[in-house]
Each structure stands twice: as structure tokens, then as C-alpha cells.
Amino acid sequence: MEEKKEYKKISYWTVVWSQFSKNTIALWGLGAIILLLLQAIYVPLIALDVPFYYSIDGKTEYPFLMELFNQNRFENSIDIFFNTFMILSPLFLISFFVMRKMKIAVSKILISLCVVLFAVSFFMSMDSVNTKKMYVNYKEIVASAIKDGRQADALFPVIQYSYREMDSTAQNPQPPSSLHLLGTDAEGRDVFARMLYGTRISMTIGVVAVSIYMLIGIILGAVAGYFGGSADLWISRIIEVVICFPTFFLILTLAAFIEKRTVFHVMILIGIVSWTGVARLVRGEFLRQRGMDYVQAAIALGISRVKIIFSHILPNAMGPILVSATFGVASAILTESSLSFLGLGDTTAPSWGGILNIGRQQGKLWLILAPGFAIFFVVSVFNLVGEAIRDAMDPRLRQ
Amino acid sequence: MRKDSLPEKILTYLAFIILFIFMIIMLVQFDKIERRQINLEMQLKDLEVKIGEIASAPIAYSVAENVEKNPLTPSRKYLHPEVKNFLSDETFKLRIPETQVGGILNRWMPSDPKSFNTIVSNDGTLNAYVGTYVNSEAFATRSYSNPDIWVKGLAERIEITDDFKEYTIYLKKGVKWHRPVVDWQSGRYDWLKGDHELTAKDVKFTVDLIKNPQVECPHLRNYYEDLDYVKIIDDYTVVFRWKKKTYNSLSFTVGFSPIPEFIYGYDEDGKPFEKSVFGLRFNNHWYNMKPIGCGPYEFVSYVQGASLKLKRFEQYYGEKPAINEINYQIFPDQKQNLLKIKSKDLDFGVLYPTDYREEILKGDPSSPFKNGNILNNTYDEMVYTYWGWNMENSIFKDRKVRWAMSHALRLDYMLETIFLNLGQRITGPNYIKSPGYNKDLPLVTFDLDKAAKLLDEAGWRDTDNDGIRDRIHDGKKQNFEFTMLTTSGSPEWSAAQNIYKEDLMKIGVKMNISEVDWAVMQKRIEDKDFDAMGGAWGTPWESDPYQIWHSSQASIPKSSNHISYRNPEVDEVIEELRETFDPEKRAVLYRKFHKLIYDDQPYTFIFTRKRCAVWWNNLHRVTFNIIRPHDDSRPWYFDLKNVSSNVNPN
């Protein structure tokens, strides 16, 4: 057995994965992240005020699919994005596995083509294709039909409320009940539904904000570390200047001056002020790698600089970047929650921080505990996974 | 590079030095010229005043029917004894037989005043909390029981000409200013020693300050623009002469409150300020962080962000209030009122709406709010809230659209569930308790069908089937989409707007909400850069609608008519109001004005705000006034003998 193993080709990432999978807590954490992602994608199946089908006097309609893309129902483009993804994700999975089976280099191209096509079609649909429709209250239609004595039937998702539908049938805010699992807020919106939709906001913020600052940080850090000299001097000074600003207060100040804040503003804000850490990390890593033989060899072979930077050095420097990205997601989610808590987030988005803020103002326990726990859970899960990746990459800790 | 030789270097340096010296000389010269100019301007102004006095037309005084044969102070000579005293003899009894003297009242103050100088600072907090007690004593004040009449304050008699242009004011004798609170031991302030009496000099001094362009008081100067001159007749008599007959002149003359010259006219060492820079020095006067006046309470101590202590002024000219000391606790978070009143750190506090619901509307029977230990009451504030529709925006130009907007507001529901009935619905801009409020107008109903119908009539239809109404405007398709501008930080208002937004969605109108910082909002309003905005106006008892509603204000930048409302009919009424002094006629005009505004719906009027006040049951005779200051504590007193508990709150 052991002899066989010696011949097996073991890549760096396989080693990391085997180390990672020894950490039980981290595996649970990874599972939780995947679950959260799935939940974020498939919320409309759990909570929405649109029936899968409804029939009145034998006439059946299926409004669910079309309503998923109704911009009058889902204000945030994040929601539309996730809904589109929800419909297309099975296709993606199938194509991905089929292409892996085929084991051809074309698969990579095809996958990236698919992604590009998806993105293009999504943004096309946002602008040119009219997906707006009149706001229809299906529950009222069904209820009034039943009241009129007509034969009516409808199948709603488990939770019959969307994140913005207002239940004005009782005195708001309602305490938790079987109808509203976590009660409602002052406007009468179901808090549980808002929590579920809040996952989408948090996940997107985490991933996109981190991607933005990773991009800035990697490029600047790579340039500084590879070229050195005056480029290094200037970029290091810029890093030092930006690092001096207290990040959160800078975001607060900037956010206060954006009048129509959306989630994207928050992402960009987080992205443009927190790239310094990554830039320094990448710069250090590049300084170290640049002197190594393989880089010298590549230079001697006359390979272009861009190629050396991005396809030779960067993959070798990827380890610490990945770790800091994982921690970055957690901290970005936390920053967004803090912003929303202070009332400087997107007011239309059902953000966890926003719900927490409403809970504080209302003095309602369920409005504080639920988002508080959700934020705690997501942040610690990301931190756990980040820590496990770091440990798995550390050769000294290798078991 | 060429290297400069030594002499060349020296020459360059010398040139620089000479240039520098020239610049300094120039600066000094400019300063001198400026000072001279200011001095000249002042002299010119004094001359103008003198010319005005000489040239002023003969003045007609109407003779009162029952001439006061024996004036209050027989020793005093009145210039026009035949004229009826403008001030009412009514007095407000602060003390009743049961009143017990003593005690310390702990109250709440939301923020630190930027300055205690009432001329320089236009700070609501200062006026509301400190002014009433210390430095807002005026010639006369509106009666709490009937705000249409004025009762005597610092003045015992005011004579007004028939054209309401000249006011002769007779000050009470023996009105003492408070003693300044300074370090007496150091000897530096010996020049302040002794009692100082209020005289006509102080009045003239204050008017001069307000008219001085160097003094930072644009909020006041505006109103005194038409004041021609102020003339001192003797130590206790002063004449105000106005250029025009305007109704504003009445409240700004009769309600004038002077500041003490003996302290504000001098620097810290007792030297009078130089005339040319007087206003500038006054803006940063050394006594600005302490209040001084001649009110019923005098200043004791102030700790920034913590407390402000006042004690009763024993030499006060009027009836002295019963409570010995007033101790303000300063903290910005209104929510803390609840904890502090429960722990008895505060005797009197104001509750936040959510606390009002939890403690008073719901609260369990054993809580101090329910068992009678802490009493509560709600009182109306002279503040109304509104959503204004910018008429520069082509959407809101149409009256039908504005009516539709008003009909789409589910106000009764909001008032009940969100605002917990802490408000009273209104139909127009006049204060609901004033005689000018038109009670015949019905409240706007919540009716989405009607709103939709009105929008249909106005030409807004959903032609492209995208769920949002549209129309062809100037050859272009226009969607009915607008942004509501509000300040962030109020959970109640943000909830109300969210509900409104959803209701509008149902009739095919898309509303975006933009919550911004107050500073940003102010700027946007000043620039008239908004579609719709949520705001509030604090109204005086009789407001001059000119500022907010006259069309001449619509085109002025930074004016209060930020929605650019223009209606010639309304203008006429406003102009007439400005020259009408008869209360009956004014009420009729006000009601007509109210009706016209209601028909146009430039604002969607929401409600007048109510506040919930709570106080411990050993505080008695807690009354609330229908005009500001609503919670004047002067008639209140503490039950010092038996501190009772478990009293039925009713």
C-alpha cells in the first residue's frame, strides 16, 4: 500500500485538502457555508407571497416563475441575480459534471463561456428586457375568491410572506407566532422571511467586496513586489497613507454622503478601503518569490512580465491570499451589518444589521436575537474555515 | 544645472525679504482702511437715525375710551397717557394656596447649547430649556390661557400708534439683572460688582447689536430689517419706530427681549470693546458659555455634556416660582429618559414613542407607571409634519396628482400602529388650536381607488404594462417614479414611508426612499434638489405664512418655500394678513388661507406632534401650555411634606 502511494501524483492542493479534511470542525464549517449558499439561492421556494399555482373555478395559473423576475416585486438586483441563478444552477451543475467526465481542455473554455453568457444575459435582461409587472396580491385574489364562494385552490411556499410584504391584519410589531415564526417588525413585515433573504445580502457583500479589494490588492501588490524600485516606493507609500485612515470611520463618512445607498455602494466602499492588507501580503510574497530560481529561469527564457506575474508567481503566492480572503469575507459581512445597524446601509434591503437596528429601536428581543445570532454564526463559520485553511497550508503543522 | 553665485543668491533673498515686508505693510494698511470705513459707516448710521427722528411724520394715537386716570405708577409720566395700554392686566398666578416652596427639579436636556448667547445662537435647545428660565424675559409675553393677548413682562405699558409703526415702551422699574458667575476672588472681575438694573440703554444696546452686520444673527436681523430706529426717551422709556406697517413688527417689538449691556459691552477686564470690531468681539464674547438674563432662575453651574444647574433668582421682579432649583441633566439619547425616571434620577422626563407603548399603553400593573407613582400625560407640540411635493418637478405640478398622493396615505392606520396616537391629524398649516385653523375642512381619507382614479384623470396610465404608470411629457415617456427625501434616524418615519411605498406600488407609482443625514438634507432642500420630502415646521401661535407660502419666496434660493408653491390668490391673502391687526379679521383671513392651501394640497399634511411626559407623583400642578414653552415648570411645586405613593393616577 505505502509503496503505491509514493508513485501517486500528489499536487499541493491535494495535500492541503487532506490536511483540511482532518479538521472536523472546519469540515462542518464548510458544510455550513455550502448550506447557507444553497439557502440563499433557493429562498423563494421557502418564503414568498407568490403561489406556485392557483386555480379559481378550474382556471389554473402558474405565476411563480414569472414573478421571480418581476422587478416591482424584487427591488434589489441581487435578488434577481440569485433568482436567475436559482433557475440556471441545475444546468450549470450538469454541464460542469459532463465536461469533467469528458476530460477535455475544451471544458474549461466552455465553462467560462457559459459564465460569460450567463452574466451577459443577466445584465441584458436587467436593462433591455422588461421584466417589470404590476404588483399583484395573490393572497388577496385567492382569499376574495374563497369569500365569494368560488372554488379556489392555491399552493404557496411554506412561508407565505416575502421580505417586503406588510401584514396589517394585526397590531404590529407582532410577537412570534405560528404564522410569523419570528414575529413582525413595525411595518408588519415577516422577520423570518427577511432573515432568510438577508443571507443573500450578506453572502453577496462578503464575496463581492472581498473580490473587489482582492483585485486591487493583488495587482498593486504584485506590481510593487515584482518591479521594486520606484514603483515599490510609491505603492508602499500609498498603502501607508491609506492604512492610516481608520477604515470603519472612513466607510461611515463616505456612506453618509451617498444619497441613494444600495448594497453595491456598500460593497464598493468596503472594497476600496480595505485592499491595503492584501497588497502588503502580495508584495511581501512577490519579493520573496522574485529571487527564486524558477522566476529567474522564466525571465531568462524571455517570458513576458505579465505572464510571469500572473501565471508563474501568483499561483505560488495564492496560499496566504486565500486565507486572508476567507477572513475578509467574515469581516466584510460584519462591516456591512455594522453599517446597516447604524442606519447607513441599504434601507430597502433586508439586511441583518438593519433588522438588528430595528430591534434595538423597538426594544423587541426576537428582533435582536435572530439577526444577532445569524451574524455571529456566519462570521464564526467563515473564521473557522479560514483558520483551518491557514493551518492546512502551514507545513510545520502538517501531520 | 547652473549654480548661482553668492551675490546673486543674496540678491534673491533680499528681494524676497523686501517683498514680504511690503506685503505686511499692505496688510496693515488694508486693515486700517477697513476699520476707518466701518467707523464711518457707523457714524453714517447714527446720522441716518437722527435724520429719521427729525423727519418722522406726526404720529396719530387713538384715544382710549376709558382713559386711565391714575396710571400704575403715579410718579411716572406717560408720553401719551390718553392711549390705551396695549398690554392686558391679566396676570398668571404661579402659586396657589397649596403651593409649597422648595425642592430641586431634575429635568432632561437633549444637547449642549453651542452658546448661551441668545443673540448669536439660534439654537432650539437653548430657547426651549434655558431661555424660559434665564434669559428670554421679554417686554410682554403671550398669555398662556389666551395666546391672542399679551401680558406684562419687562414692560408695564406699551403705547402703539394707529398705524402700528411706533411703539412706546415703558419698562418696569427695579428689574435686576442676574449676578454674573465669575471667579470673584481673583479680583479681575471687580468691575462687575454690584446690582445692575435693566434700563433703556440695554434695549438700545441689543437692537444695535442685532442691526450690526458683524454680529452673527441673520435669523434675527431679518425680522428687524424694517425697524427704522430705537430712541431712548429716558432710563425706562424707549421708542421703537418701524418703516412699514407689518404685522410682524408687533410680535418682534412687544416680544423683544434685551440682553445686559453691563457685561456684553465689555471685555473680560472691563474695557469697552472698540467700536469698529465690536460685533466680531461680541460673537466670541467671554461670557458666551454662561447664560445671563433677568428671568426667574439664575445660572449656577454648567458642565458640558453633563449638567446645567439653575437656582431661583430672589431679586426677580415678578412672582417667584415655587421650586428652588432646576437641575438639567444633559444626554442626547431620549431613550435614557425611561431608565432615569424609573431610578428617580429625573423628576420629569419625556418618553420615546416605543417606551410610551411598552410602559404606559401595555405595562404590567405593578410598574411605577401603572400604580400611580409616576404620572403621565401627552401634550400637543406646535409642530406639524408634512410630506412636501416639489412643484418644480413636472410630476407634482398637477393638483390632481397631489390629491392622489394624499389619498394614498394610510394615515389613520399609521397614526395608530406606528405613532401610537402621539399626534393629531390636521388639514392645513395653521396651528390646530389657534383661531386661524379652519375646522370645516374634512380630513383626507385613505382611498387607493380614488387615488388611482385621480391619477387616471391626470393622464397617468400604465401603457407599457410594466406595473408603473407613465405618460407622454414633452414628447418623452415619463414613468411615475420619484424619490422621497428624508432624514435618517427615525424608525417611526422610516416605517411610515415603507408602508406608503408599498401602498403606492399597488396603484402603480414607484417611490424610492432616500434617507440622508440632516446636514445633507438641509442642503438638498436649500438647493430645491428633491422630488418629494418629509419635513416638519415648528409653528408659532400666529405664523406669518409669507416665509413658506408666498410666491415671491419660490424663486429665492435657500428660501423656506422650498416646494416652489405659487398661487396668486394665496399671495393676496398673505399680503392682506401682513397689514391686518384686528384679531377677528386675521382669523377669517387665516381660515381662508387654510382653505386655499387645502384645495391645492402642496403638502400632504400629516399631524401635529404630541409628546408623552412623565413625572413622579410628588410633583404637583403639572400643567402644559398650548403655546411654547409647553412644559414651563414655574407653576409646578413639590409636595415636600408627605411623599406619597400608590395614588390613583386619575
# chains A, B, ... in the order shown; residues from 1 in each chain; ligands from 1
>>> interface_residues(of="chain B", to="chain A", cutoff="10 Å", atoms="only C-alpha atoms", output="PyMOL selection string")
chain B and resi 335+352-355+357-358+413-414+416-418+462+464-469+483+485+488-492+494-499+502-503+505-508+510+512-517+519-521
>>> residues_around(residues="region 303-316 of chain B", least_positions_apart="2", cutoff="6 Å", atoms="only C-alpha atoms", output="VMD selection string")
chain B and resid 296 to 301 318 324 to 330
>>> select_by_dssp(residues="region 489-579 of chain B", states="helix (DSSP H, G or I)", output="count of residues only")
44
>>> residues_around(residues="Leu314 (chain A)", least_positions_apart="2", cutoff="10 Å", atoms="only C-alpha atoms", output="ChimeraX atom specification")
/A:218,222,282,285-286,289,307-312,316-319,321
>>> residues_around(residues="Asn135 (chain B)", least_positions_apart="3", cutoff="8 Å", atoms="only C-alpha atoms", output="mmCIF file with N, CA and C atoms, in the first residue's frame")
data_model
loop_
_atom_site.group_PDB
_atom_site.id
_atom_site.type_symbol
_atom_site.label_atom_id
_atom_site.label_comp_id
_atom_site.auth_asym_id
_atom_site.auth_seq_id
_atom_site.Cartn_x
_atom_site.Cartn_y
_atom_site.Cartn_z
ATOM 1 N N THR B 118 -28.050 84.518 23.525
ATOM 2 C CA THR B 118 -29.305 84.377 22.779
ATOM 3 C C THR B 118 -29.302 85.119 21.449
ATOM 4 N N VAL B 130 -33.345 76.734 28.386
ATOM 5 C CA VAL B 130 -32.695 77.722 29.240
ATOM 6 C C VAL B 130 -33.433 79.058 29.179
ATOM 7 N N GLY B 131 -33.859 79.403 27.972
ATOM 8 C CA GLY B 131 -34.449 80.713 27.753
ATOM 9 C C GLY B 131 -35.597 81.030 28.679
ATOM 10 N N THR B 132 -36.539 80.115 28.780
ATOM 11 C CA THR B 132 -37.723 80.349 29.593
ATOM 12 C C THR B 132 -37.364 80.756 31.021
ATOM 13 N N SER B 257 -36.703 90.761 23.670
ATOM 14 C CA SER B 257 -36.039 90.542 24.951
ATOM 15 C C SER B 257 -34.610 91.066 24.911
ATOM 16 N N ILE B 259 -30.672 92.142 26.195
ATOM 17 C CA ILE B 259 -29.593 91.470 26.909
ATOM 18 C C ILE B 259 -28.800 92.534 27.676
ATOM 19 N N PRO B 291 -25.198 81.481 30.765
ATOM 20 C CA PRO B 291 -26.367 82.304 30.461
ATOM 21 C C PRO B 291 -26.544 83.417 31.491
ATOM 22 N N ILE B 292 -26.992 84.554 31.045
ATOM 23 C CA ILE B 292 -27.329 85.631 31.979
ATOM 24 C C ILE B 292 -28.550 86.359 31.455
ATOM 25 N N GLY B 293 -29.409 86.764 32.358
ATOM 26 C CA GLY B 293 -30.617 87.459 31.949
ATOM 27 C C GLY B 293 -31.274 88.054 33.180
ATOM 28 N N CYS B 294 -32.584 88.191 33.141
ATOM 29 C CA CYS B 294 -33.277 88.706 34.318
ATOM 30 C C CYS B 294 -34.485 87.834 34.612
ATOM 31 N N GLY B 295 -34.409 86.581 34.228
ATOM 32 C CA GLY B 295 -35.530 85.666 34.407
ATOM 33 C C GLY B 295 -35.662 85.150 35.817
#
>>> atom_distance(atom1="CA of Gly459 (chain B)", atom2="CA of Phe482 (chain B)")
16.7 Å
>>> atom_distance(atom1="CA of Ile548 (chain B)", atom2="CA of Gly388 (chain B)")
11.7 Å
>>> atom_distance(atom1="CA of Phe396 (chain B)", atom2="CA of Lys477 (chain B)")
15.9 Å
>>> residues_around(residues="region 341-350 of chain B", least_positions_apart="6", cutoff="9 Å", atoms="only C-alpha atoms", output="short mmCIF file (atom, residue, chain, number, x, y, z; two decimals) with C-alpha atoms, in the first residue's frame")
data_model
loop_
_atom_site.label_atom_id
_atom_site.label_comp_id
_atom_site.auth_asym_id
_atom_site.auth_seq_id
_atom_site.Cartn_x
_atom_site.Cartn_y
_atom_site.Cartn_z
CA ILE B 104 -34.99 70.57 43.24
CA LEU B 105 -36.46 69.67 39.86
CA ASN B 106 -34.34 67.27 37.83
CA ARG B 107 -35.11 67.57 34.15
CA TRP B 108 -33.71 66.40 30.84
CA TYR B 328 -30.81 69.81 33.87
CA GLN B 329 -29.18 66.52 33.02
CA GLN B 334 -34.11 60.30 24.64
CA LYS B 335 -34.42 56.60 25.44
CA PRO B 368 -44.49 52.54 38.61
CA PHE B 369 -46.25 53.87 35.53
CA ILE B 374 -45.18 58.02 38.00
CA ARG B 611 -45.25 64.25 23.36
CA CYS B 612 -45.60 61.98 26.30
CA ALA B 613 -44.33 63.48 29.53
CA VAL B 614 -43.87 61.50 32.74
CA TRP B 615 -43.22 62.76 36.25
CA TRP B 616 -43.09 61.48 39.81
CA ASN B 617 -46.23 61.91 41.82
CA ASN B 618 -44.65 64.25 44.38
CA LEU B 619 -44.56 66.88 41.67
#
>>> decode(residues="region 167-197 of chain B", atoms="C-alpha atoms", output="PDB file, in the first residue's frame")
ATOM      1  CA  TYR B 167     -44.276 101.639  19.857  1.00  0.00           C
ATOM      2  CA  THR B 168     -43.555 103.444  23.100  1.00  0.00           C
ATOM      3  CA  ILE B 169     -42.399 101.046  25.752  1.00  0.00           C
ATOM      4  CA  TYR B 170     -42.356 101.815  29.453  1.00  0.00           C
ATOM      5  CA  LEU B 171     -40.067  99.448  31.283  1.00  0.00           C
ATOM      6  CA  LYS B 172     -40.789  98.353  34.814  1.00  0.00           C
ATOM      7  CA  LYS B 173     -38.512  99.949  37.361  1.00  0.00           C
ATOM      8  CA  GLY B 174     -36.321  97.836  39.560  1.00  0.00           C
ATOM      9  CA  VAL B 175     -35.792  94.931  37.207  1.00  0.00           C
ATOM     10  CA  LYS B 176     -32.436  93.472  38.211  1.00  0.00           C
ATOM     11  CA  TRP B 177     -30.057  91.537  36.022  1.00  0.00           C
ATOM     12  CA  HIS B 178     -28.620  88.323  37.439  1.00  0.00           C
ATOM     13  CA  ARG B 179     -25.192  88.489  39.039  1.00  0.00           C
ATOM     14  CA  PRO B 180     -22.574  87.061  36.685  1.00  0.00           C
ATOM     15  CA  VAL B 181     -20.999  83.807  37.820  1.00  0.00           C
ATOM     16  CA  VAL B 182     -17.270  84.511  37.778  1.00  0.00           C
ATOM     17  CA  ASP B 183     -14.256  83.956  39.976  1.00  0.00           C
ATOM     18  CA  TRP B 184     -14.799  86.888  42.341  1.00  0.00           C
ATOM     19  CA  GLN B 185     -11.720  86.119  44.439  1.00  0.00           C
ATOM     20  CA  SER B 186      -9.297  86.800  41.620  1.00  0.00           C
ATOM     21  CA  GLY B 187     -10.148  90.483  41.681  1.00  0.00           C
ATOM     22  CA  ARG B 188     -10.207  90.563  37.919  1.00  0.00           C
ATOM     23  CA  TYR B 189     -13.964  90.927  37.814  1.00  0.00           C
ATOM     24  CA  ASP B 190     -14.380  93.644  40.434  1.00  0.00           C
ATOM     25  CA  TRP B 191     -15.762  95.911  37.744  1.00  0.00           C
ATOM     26  CA  LEU B 192     -18.850  93.665  37.565  1.00  0.00           C
ATOM     27  CA  LYS B 193     -19.703  94.051  41.261  1.00  0.00           C
ATOM     28  CA  GLY B 194     -22.975  95.446  42.463  1.00  0.00           C
ATOM     29  CA  ASP B 195     -26.556  95.263  41.225  1.00  0.00           C
ATOM     30  CA  HIS B 196     -27.337  96.160  37.675  1.00  0.00           C
ATOM     31  CA  GLU B 197     -30.749  97.344  36.649  1.00  0.00           C
TER      32      GLU B 197
END
